[in-house]
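Here's input-v3.txt, which has compact mmCIF, C-alpha atoms:
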# COMPACT_ATOMS: atom_id res chain seq x y z
CA MET A 936 2.09 123.23 -19.63
CA LYS A 937 0.56 125.94 -21.78
CA ARG A 938 -0.93 124.73 -25.07
CA LEU A 939 0.97 125.76 -28.18
CA GLY A 940 -0.80 128.21 -30.47
CA PRO A 941 -1.45 127.46 -34.16
CA PHE A 942 1.06 130.11 -35.29
CA TYR A 943 3.77 128.56 -33.14
CA LEU A 944 2.95 125.07 -34.44
CA LEU A 945 3.06 126.33 -38.03
CA CYS A 946 6.46 127.92 -37.43
CA LEU A 947 7.70 124.71 -35.80
CA ALA A 948 6.56 122.67 -38.80
CA VAL A 949 8.12 125.05 -41.33
CA ALA A 950 11.37 125.15 -39.34
CA VAL A 951 11.64 121.34 -39.10
CA ILE A 952 10.71 120.73 -42.75
CA GLY A 953 12.91 123.62 -43.89
CA LEU A 954 15.94 122.35 -41.96
CA ALA A 955 15.47 118.96 -43.63
CA ILE A 956 15.04 120.17 -47.22
CA CYS A 957 17.14 123.35 -47.30
CA PRO A 958 20.48 121.58 -47.81
CA THR A 959 19.09 119.83 -50.89
CA LEU A 960 17.62 123.07 -52.28
CA VAL A 961 20.92 124.86 -51.68
CA VAL A 962 22.97 122.12 -53.35
CA LEU A 963 20.61 122.08 -56.34
CA ALA A 964 20.70 125.90 -56.72
CA PRO A 965 22.78 127.20 -59.66
CA ARG A 966 26.50 127.37 -59.04
CA GLU A 967 27.88 130.90 -58.89
CA THR A 968 30.47 131.35 -61.65
CA THR A 969 33.19 133.26 -59.77
CA MET A 970 33.20 131.59 -56.37
CA GLY A 971 31.81 128.18 -57.28
CA PHE A 972 30.40 125.80 -54.70
CA VAL A 973 31.58 127.73 -51.65
CA GLN A 974 29.14 130.55 -52.50
CA LYS A 975 26.41 128.26 -51.14
CA ILE A 976 27.47 129.19 -47.59
CA PHE A 977 25.80 132.50 -48.42
CA TYR A 978 22.37 130.82 -48.07
CA TYR A 979 22.99 130.24 -44.35
CA HIS A 980 25.32 133.13 -43.58
CA VAL A 981 23.02 135.96 -44.70
CA GLN A 982 20.03 134.47 -42.85
CA SER A 983 22.08 134.13 -39.66
CA ALA A 984 23.21 137.75 -39.92
CA TRP A 985 19.70 139.06 -40.54
CA LEU A 986 18.30 137.11 -37.60
CA CYS A 987 21.13 138.31 -35.41
CA PHE A 988 20.09 141.88 -36.25
CA MET A 989 16.45 141.00 -35.63
CA ALA A 990 17.33 139.54 -32.22
CA VAL A 991 19.36 142.64 -31.37
CA PHE A 992 16.38 144.87 -32.16
CA VAL A 993 14.05 142.64 -30.12
CA CYS A 994 16.49 142.84 -27.20
CA ALA A 995 16.85 146.61 -27.57
CA GLY A 996 13.05 147.08 -27.76
CA GLY A 997 12.53 144.99 -24.63
CA SER A 998 15.35 146.81 -22.86
CA ALA A 999 13.87 150.20 -23.74
CA ALA A 1000 10.48 149.07 -22.39
CA TYR A 1001 12.18 147.92 -19.19
CA LEU A 1002 14.35 151.01 -18.76
CA PHE A 1003 11.79 153.68 -19.62
CA GLY A 1004 8.49 151.91 -18.92
CA LYS A 1005 9.58 149.70 -15.96
CA SER A 1006 8.10 146.73 -17.84
CA GLU A 1007 9.15 143.35 -16.44
CA ALA A 1008 7.68 141.71 -19.56
CA GLY A 1009 9.99 143.92 -21.61
CA ASP A 1010 12.93 142.60 -19.63
CA ARG A 1011 11.87 139.02 -20.36
CA VAL A 1012 11.65 139.82 -24.08
CA ALA A 1013 15.08 141.46 -23.88
CA VAL A 1014 16.86 138.49 -22.34
CA ALA A 1015 15.32 136.10 -24.87
CA GLY A 1016 16.40 138.41 -27.71
CA GLY A 1017 19.87 138.81 -26.20
CA GLU A 1018 20.50 135.07 -26.17
CA LEU A 1019 19.32 134.70 -29.76
CA ALA A 1020 21.53 137.63 -30.81
CA VAL A 1021 24.54 135.76 -29.43
CA LEU A 1022 23.44 132.45 -30.99
CA PHE A 1023 22.92 133.86 -34.49
CA GLY A 1024 25.92 136.18 -34.10
CA ILE A 1025 28.17 133.16 -33.51
CA CYS A 1026 26.62 131.40 -36.53
CA THR A 1027 27.32 134.48 -38.67
CA LEU A 1028 30.90 134.81 -37.48
CA VAL A 1029 31.64 131.12 -38.06
CA THR A 1030 29.98 130.64 -41.45
CA GLY A 1031 31.41 133.90 -42.86
CA PRO A 1032 35.05 132.92 -42.29
CA LEU A 1033 34.41 129.47 -43.82
CA TRP A 1034 33.35 131.27 -47.01
CA ALA A 1035 36.20 133.78 -46.70
CA ARG A 1036 38.78 130.97 -46.55
CA LYS A 1037 37.96 130.25 -50.17
CA ALA A 1038 36.98 133.68 -51.41
CA TRP A 1039 39.72 135.72 -49.75
CA GLY A 1040 42.29 133.06 -48.95
CA ALA A 1041 42.06 133.78 -45.22
CA TYR A 1042 39.54 133.03 -42.52
CA TRP A 1043 39.61 136.52 -41.08
CA GLN A 1044 40.40 140.06 -42.17
CA TRP A 1045 40.11 143.12 -39.95
CA ASP A 1046 37.60 144.52 -42.37
CA VAL A 1047 35.13 147.14 -41.07
CA ARG A 1048 32.09 144.89 -41.44
CA LEU A 1049 33.73 141.89 -39.80
CA THR A 1050 35.17 143.98 -36.98
CA THR A 1051 31.90 145.77 -36.20
CA THR A 1052 30.03 142.43 -36.26
CA LEU A 1053 32.56 140.96 -33.83
CA LEU A 1054 32.07 144.03 -31.66
CA LEU A 1055 28.29 143.48 -31.72
CA LEU A 1056 28.72 139.88 -30.62
CA MET A 1057 31.04 140.92 -27.80
CA ILE A 1058 28.55 143.57 -26.61
CA PHE A 1059 25.77 140.96 -26.39
CA VAL A 1060 28.01 138.41 -24.69
CA ALA A 1061 28.77 141.20 -22.18
CA TYR A 1062 24.99 141.80 -21.92
CA LEU A 1063 24.36 138.18 -20.92
CA PHE A 1064 27.35 138.06 -18.57
CA SER A 1065 26.34 141.28 -16.81
CA ARG A 1066 22.81 139.92 -16.30
CA ARG A 1067 24.12 136.61 -15.01
CA TYR A 1068 26.92 137.79 -12.75
CA GLY A 1069 26.29 141.53 -12.27
CA GLY A 1070 24.34 141.29 -9.02
CA PRO A 1071 21.63 143.78 -7.98
CA GLY A 1072 20.97 146.51 -10.53
CA SER A 1073 22.60 144.58 -13.33
CA LYS A 1074 19.37 144.36 -15.32
CA LYS A 1075 19.37 148.13 -15.84
CA LEU A 1076 23.04 148.16 -16.72
CA ALA A 1077 22.48 145.33 -19.21
CA ALA A 1078 19.49 147.13 -20.74
CA GLY A 1079 21.68 150.18 -21.38
CA LEU A 1080 24.29 147.93 -22.93
CA ALA A 1081 21.66 146.41 -25.25
CA LEU A 1082 20.60 149.86 -26.48
CA PHE A 1083 24.25 150.74 -27.04
CA GLY A 1084 24.75 147.47 -28.94
CA ALA A 1085 21.71 148.09 -31.15
CA ALA A 1086 23.32 151.30 -32.37
CA ASP A 1087 26.04 149.12 -33.92
CA VAL A 1088 23.58 147.43 -36.32
CA PRO A 1089 23.08 150.36 -38.74
CA LEU A 1090 26.85 150.84 -38.66
CA ILE A 1091 27.37 147.20 -39.68
CA TYR A 1092 24.77 147.41 -42.43
CA LEU A 1093 26.11 150.65 -43.92
CA SER A 1094 29.79 149.83 -43.39
CA VAL A 1095 30.16 148.24 -46.84
CA SER A 1096 28.78 151.38 -48.48
CA ILE A 1097 30.64 153.95 -46.41
CA TRP A 1098 34.12 152.50 -46.04
CA ARG A 1099 36.58 150.68 -48.24
CA THR A 1100 35.84 147.02 -47.57
CA ILE A 1101 36.37 143.61 -49.13
CA HIS A 1102 33.04 142.26 -47.86
CA PRO A 1103 30.31 141.84 -50.54
CA LYS A 1104 27.93 144.79 -50.84
CA THR A 1105 24.31 144.87 -49.65
CA THR A 1106 23.16 144.65 -53.30
CA VAL A 1107 24.12 140.94 -53.47
CA VAL A 1108 20.64 139.75 -52.45
CA SER A 1109 18.77 141.95 -54.94
CA SER A 1110 21.09 140.88 -57.76
CA LEU A 1111 20.65 137.12 -57.24
CA GLN A 1112 20.00 135.00 -60.32
CA PRO A 1113 16.38 133.75 -60.59
CA GLY A 1114 17.39 130.16 -59.80
CA MET A 1115 19.06 131.26 -56.58
CA ARG A 1116 16.14 133.28 -55.26
CA GLY A 1117 13.91 130.28 -54.43
CA PRO A 1118 16.48 128.52 -52.21
CA PHE A 1119 17.48 131.84 -50.67
CA TRP A 1120 13.95 132.76 -49.59
CA ALA A 1121 13.19 129.17 -48.58
CA ALA A 1122 16.24 129.31 -46.31
CA PHE A 1123 15.05 132.67 -45.01
CA ALA A 1124 11.58 131.29 -44.21
CA THR A 1125 13.20 128.34 -42.41
CA PHE A 1126 15.48 130.53 -40.34
CA ALA A 1127 12.73 133.03 -39.56
CA CYS A 1128 10.47 130.22 -38.30
CA LEU A 1129 13.37 128.78 -36.34
CA PHE A 1130 13.79 132.18 -34.73
CA VAL A 1131 10.10 132.29 -33.75
CA VAL A 1132 10.29 128.76 -32.30
CA LEU A 1133 13.45 129.43 -30.26
CA PHE A 1134 12.14 132.80 -29.11
CA GLY A 1135 8.87 131.17 -28.03
CA MET A 1136 10.75 128.48 -26.09
CA ARG A 1137 12.92 131.08 -24.37
CA MET A 1138 9.96 133.28 -23.50
CA ALA A 1139 8.14 130.29 -21.98
CA LEU A 1140 11.18 129.69 -19.78
CA GLU A 1141 11.19 133.32 -18.64
CA ARG A 1142 7.47 133.18 -17.86
CA SER A 1143 8.01 130.07 -15.73
CA ARG A 1144 10.86 131.78 -13.90
CA ALA A 1145 8.71 134.84 -13.25
CA LYS A 1146 5.94 132.58 -11.89
CA LEU A 1147 8.44 130.84 -9.62
CA ASP A 1148 9.77 134.15 -8.31
CA GLU A 1149 6.23 135.39 -7.64
CA LEU A 1150 5.41 132.22 -5.76
CA TYR A 1151 8.54 132.49 -3.61
CA LEU A 1152 7.73 136.12 -2.79
CA ALA A 1153 4.10 135.35 -1.97
CA ALA A 1154 5.13 132.40 0.22
CA GLU A 1155 7.71 134.51 2.03
CA ASP A 1156 5.21 137.32 2.62
CA ALA A 1157 2.75 134.81 4.06
CA GLY A 1158 5.47 133.39 6.28
CA LEU A 1159 5.11 129.97 4.74
CA LEU A 1160 8.83 129.62 4.16
CA ASP A 1161 9.80 130.43 7.78
CA GLY A 1162 11.92 127.74 9.27
CA ASP A 1163 13.19 126.49 5.91
CA ALA A 1164 16.91 126.25 5.49
CA MET B 1082 15.86 110.69 -46.73
CA THR B 1083 16.81 114.33 -47.40
CA PRO B 1084 19.95 114.25 -45.23
CA PHE B 1085 20.97 111.13 -47.16
CA ILE B 1086 20.56 112.96 -50.49
CA PHE B 1087 22.47 115.93 -49.09
CA ALA B 1088 25.32 113.73 -47.85
CA LEU B 1089 25.41 111.93 -51.19
CA THR B 1090 25.52 115.22 -53.12
CA VAL B 1091 28.30 116.54 -50.91
CA LEU B 1092 30.28 113.34 -51.30
CA LEU B 1093 29.85 113.44 -55.08
CA ASP B 1094 31.01 117.03 -55.10
CA VAL B 1095 34.12 116.13 -53.09
CA ALA B 1096 34.90 113.29 -55.43
CA ALA B 1097 34.13 115.05 -58.70
CA PRO B 1098 37.05 117.50 -59.04
CA ARG B 1099 39.70 114.74 -58.85
CA ASN B 1100 39.51 113.87 -62.54
CA LEU B 1101 39.02 117.41 -63.73
CA PRO B 1102 41.26 120.37 -64.37
CA PRO B 1103 41.27 122.95 -61.53
CA ALA B 1104 37.63 123.45 -60.57
CA PRO B 1105 36.15 126.84 -59.77
CA ASP B 1106 35.53 125.70 -56.20
CA THR B 1107 39.17 125.12 -55.40
CA VAL B 1108 41.39 128.01 -54.43
CA GLN B 1109 44.15 128.68 -56.88
CA VAL B 1110 47.28 129.72 -55.01
CA ALA B 1111 48.83 132.94 -56.24
CA GLN B 1112 52.41 132.71 -57.44
CA LYS B 1113 54.97 134.10 -55.00
CA ASP B 1114 56.37 136.49 -57.59
CA SER B 1115 53.02 137.84 -58.77
CA ILE B 1116 52.51 140.45 -56.09
CA ALA B 1117 49.26 142.38 -56.45
CA PRO B 1118 49.78 146.09 -57.16
CA LYS B 1119 49.15 148.56 -54.36
CA ASP B 1120 46.35 151.04 -54.87
CA SER B 1121 46.61 154.81 -54.39
CA GLU B 1122 46.27 154.46 -50.59
CA GLY B 1123 48.83 151.71 -50.32
CA PHE B 1124 46.43 148.79 -49.73
CA VAL B 1125 47.26 145.47 -51.31
CA PRO B 1126 44.20 143.35 -52.25
CA VAL B 1127 43.95 139.96 -50.58
CA ASN B 1128 44.64 137.44 -53.31
CA GLY B 1129 45.19 134.13 -51.59
CA ASP B 1130 48.86 134.64 -50.71
CA MET B 1131 48.11 133.54 -47.15
CA LEU B 1132 47.57 129.96 -48.38
CA GLN B 1133 50.43 127.53 -48.47
CA GLN B 1134 51.63 126.57 -51.94
CA GLY B 1135 49.41 123.87 -53.41
CA GLU B 1136 46.89 123.93 -50.56
CA SER B 1137 43.29 123.35 -51.51
CA ILE B 1138 40.25 122.79 -49.29
CA PRO B 1139 37.20 121.22 -50.93
CA ALA B 1140 34.46 123.83 -50.92
CA SER B 1141 31.85 121.18 -50.22
CA ARG B 1142 33.51 120.48 -46.88
CA LEU B 1143 33.25 124.16 -45.93
CA VAL B 1144 29.61 124.36 -47.03
CA ALA B 1145 28.71 121.19 -45.13
CA GLY B 1146 30.69 122.48 -42.13
CA ALA B 1147 28.77 125.77 -42.15
CA TYR B 1148 25.40 124.02 -42.26
CA GLY B 1149 26.47 121.43 -39.69
CA PHE B 1150 27.69 124.13 -37.33
CA ILE B 1151 24.40 126.07 -37.49
CA PHE B 1152 22.40 122.86 -37.05
CA ALA B 1153 24.52 121.84 -34.04
CA MET B 1154 24.31 125.29 -32.44
CA VAL B 1155 20.52 125.45 -32.81
CA ALA B 1156 20.13 121.90 -31.47
CA LEU B 1157 22.39 122.64 -28.48
CA TYR B 1158 20.57 125.88 -27.74
CA ALA B 1159 17.14 124.23 -27.95
CA ALA B 1160 18.36 121.43 -25.65
CA SER B 1161 19.77 123.99 -23.21
CA VAL B 1162 16.49 125.95 -23.06
CA ALA B 1163 14.47 122.74 -22.67
CA SER B 1164 16.74 121.57 -19.85
CA ARG B 1165 16.49 124.91 -18.02
CA ALA B 1166 12.70 124.93 -18.48
CA LYS B 1167 12.47 121.43 -17.04
CA ARG B 1168 14.48 122.44 -13.95
CA VAL B 1169 12.29 125.50 -13.36
CA GLU B 1170 9.10 123.45 -13.79
CA GLU B 1171 10.39 120.87 -11.29
CA GLU B 1172 11.27 123.59 -8.80
CA LEU B 1173 7.83 125.16 -9.29
CA THR B 1174 6.08 121.85 -8.68
CA ALA B 1175 8.20 121.12 -5.61
CA LEU B 1176 7.55 124.58 -4.16
CA LYS B 1177 3.80 124.29 -4.73
CA ALA B 1178 3.77 120.90 -3.01
CA ARG B 1179 5.79 122.25 -0.09
CA LEU B 1180 3.49 125.24 0.33
CA GLU B 1181 0.36 123.08 0.19
CA LYS B 1182 1.84 120.83 2.84
CA ARG B 1183 2.66 123.82 5.06
CA ALA B 1184 -0.72 125.44 4.56
CA SER B 1185 -2.55 122.28 5.54
Output the file's structure as structure tokens, nothing else.
Amino acid sequence: MKRLGPFYLLCLAVAVIGLAICPTLVVLAPRETTMGFVQKIFYYHVQSAWLCFMAVFVCAGGSAAYLFGKSEAGDRVAVAGGELAVLFGICTLVTGPLWARKAWGAYWQWDVRLTTTLLLLMIFVAYLFSRRYGGPGSKKLAAGLALFGAADVPLIYLSVSIWRTIHPKTTVVSSLQPGMRGPFWAAFATFACLFVVLFGMRMALERSRAKLDELYLAAEDAGLLDGDA
Amino acid sequence: MTPFIFALTVLLDVAAPRNLPPAPDTVQVAQKDSIAPKDSEGFVPVNGDMLQQGESIPASRLVAGAYGFIFAMVALYAASVASRAKRVEEELTALKARLEKRAS
């Protein structure tokens, strides 16, 4: 097994420590006057959404490298990013409605931001399904789908500014009270390191798969697999 | 230790509002007859009318649920990747052994 680099180990340590202390920091953060305790979901929800976007861009970058540069490494980056986009997308779309139940009185509204985020998640679920079950040529189809999905991210981000929406504006983070900023950025550091750790794990899996495929091909070319069932 | 403190804080928060007047973290149900006015485009703001009369969910439960869900999802995903990696490594080792046997 490949030795873990110091950056990866640092991220792993920050992620583990952060996951342990973040709940305490969040609970101790000042209580927002209008929404009360439920506002604390914000500390996980925003981070999940940002990392979902990050994963989408990673997937789109890898897909572009694969489509236009025929890079197999790009494809491996893309599939790792695609899975993380779905993971953090689900986290965003579950934590948001838990907050909305209190703030809006309903788990779900067909608001522009919520609907476009759901659309993004569905595109990346389709990306993973097409890779898994699409057969030959599906990698290229999936790469196109990832680029199409990435175009949804600016739409999601700007949706609260362009359209009439009940979702909080993008200025929420910049207008946080001083006491809330520490827990917010601590949660961000935790989630960012978690992203690096999960991405590293997923990339290691893809590298092992590539090695296995190469070995099978080399063995077949050398006729070493002849006679096997 | 930290999860214990977190659980204790959440439990205290659940218990606290019982002896207090309506807390800011409990949803106040809008009266049936107080319908929010429509704006110029005919939209009616969401004001909690979708809740049943008297219904109230402790906010701490929702916050703990949100964190618990993320924690569970990340743990499941990490376990899934580790399990897939283990299978691939086993297959790789088995293939290498098979090829060495054939080659000799």
**Study point:** Shell of 10 Å around Gly1146 in chain B, all atoms listed in the file, local chain residues under 6 positions omitted, as a list in words
**Key:**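 Those residues are Ile976, Val1029, Thr1030 and Leu1033 of chain A; Ala1140 and Phe1152 of chain B.
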Exercise for review: Find, counting all atoms listed in the file, the residue in A:Val1107, A:Thr1100, A:Phe1126, A:Ala964 that gets nearest to Cys1026 in chain A.
Suggested key: A:Phe1126
Exercise for review: Show which residues sit within 9 Å of Ala1163 in chain B, as a ChimeraX atom specification. Count all atoms listed in the file, and ignore same-chain residues fewer than 3 positions away.
Suggested key: /A:1136-1137,1140 /B:1158-1160,1166-1168
**Study point:** Shell of 8 Å around Leu1147 in chain A, all atoms listed in the file, local chain residues under 5 positions omitted, as a list in words
**Key:**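 Non-adjacent residues within range: Val1169, Glu1172 and Leu1173 of chain B.
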Check your understanding: So how many Å separate CA of Val1155 in chain B and CA of Ile956 in chain A, to one decimal?
Key -> 16.3 Å
Study note, to complete from the structure: Of A:Ala990, A:Gly1009, A:Gly1040, A:Arg1067, the one nearest to Leu1055 in chain A when counting all atoms listed in the file is A:Ala990
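Between Glu967 in chain A and the candidates A:Ala1157, A:Val1131, A:Met1115, A:Ala950, the tightest atom-to-atom separation, counting all atoms listed in the file, involves A:Met1115.
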If we count all atoms listed in the file, what is near Lys975 in chain A at a cut-off of 12 Å, once residues fewer than 3 positions away on the same chain are taken out, given as a compact mmCIF listing (two decimals) with C-alpha atoms, in the coordinates of the input?
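result-v2.txt written:
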# COMPACT_ATOMS: atom_id res chain seq x y z
CA CYS A 957 17.14 123.35 -47.30
CA PRO A 958 20.48 121.58 -47.81
CA THR A 959 19.09 119.83 -50.89
CA LEU A 960 17.62 123.07 -52.28
CA VAL A 961 20.92 124.86 -51.68
CA VAL A 962 22.97 122.12 -53.35
CA LEU A 963 20.61 122.08 -56.34
CA ALA A 964 20.70 125.90 -56.72
CA PRO A 965 22.78 127.20 -59.66
CA ARG A 966 26.50 127.37 -59.04
CA GLU A 967 27.88 130.90 -58.89
CA THR A 968 30.47 131.35 -61.65
CA MET A 970 33.20 131.59 -56.37
CA GLY A 971 31.81 128.18 -57.28
CA PHE A 972 30.40 125.80 -54.70
CA TYR A 978 22.37 130.82 -48.07
CA TYR A 979 22.99 130.24 -44.35
CA HIS A 980 25.32 133.13 -43.58
CA VAL A 981 23.02 135.96 -44.70
CA THR A 1030 29.98 130.64 -41.45
CA GLY A 1031 31.41 133.90 -42.86
CA LEU A 1033 34.41 129.47 -43.82
CA TRP A 1034 33.35 131.27 -47.01
CA LYS A 1037 37.96 130.25 -50.17
CA ALA A 1038 36.98 133.68 -51.41
CA MET A 1115 19.06 131.26 -56.58
CA PRO A 1118 16.48 128.52 -52.21
CA PHE A 1119 17.48 131.84 -50.67
CA ALA A 1122 16.24 129.31 -46.31
CA VAL B 1091 28.30 116.54 -50.91
CA ASP B 1106 35.53 125.70 -56.20
CA ALA B 1140 34.46 123.83 -50.92
CA SER B 1141 31.85 121.18 -50.22
CA ARG B 1142 33.51 120.48 -46.88
CA LEU B 1143 33.25 124.16 -45.93
CA VAL B 1144 29.61 124.36 -47.03
CA ALA B 1145 28.71 121.19 -45.13
CA GLY B 1146 30.69 122.48 -42.13
CA ALA B 1147 28.77 125.77 -42.15
CA TYR B 1148 25.40 124.02 -42.26
Exercise for review: Report the distance between CA of Ile1025 in chain A and CA of Val1012 in chain A in Å, rounded to one decimal place.
Suggested key: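 Separation between CA of Ile1025 in chain A and CA of Val1012 in chain A: 20.2 Å.
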**Study point:** Nearest to Pro1139 in chain B by atom-to-atom distance, counting only C-alpha atoms, from A:Lys1104, A:Lys1005, A:Arg1011, A:Arg1036
**Key:**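 Among the listed residues, the smallest separation from Pro1139 in chain B belongs to A:Arg1036.
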Review point. Given the choices A:Tyr943, A:Phe1023, A:Tyr1001, A:Trp985, which gets closest to chain B if the distance is worked out from all atoms listed in the file?
Key: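 Answer, going by the shortest atom-to-atom distance: A:Phe1023.
Taking CA of Lys1074 in chain A as the reference point, CA of Glu1018 in chain A is found at 14.3 Å.
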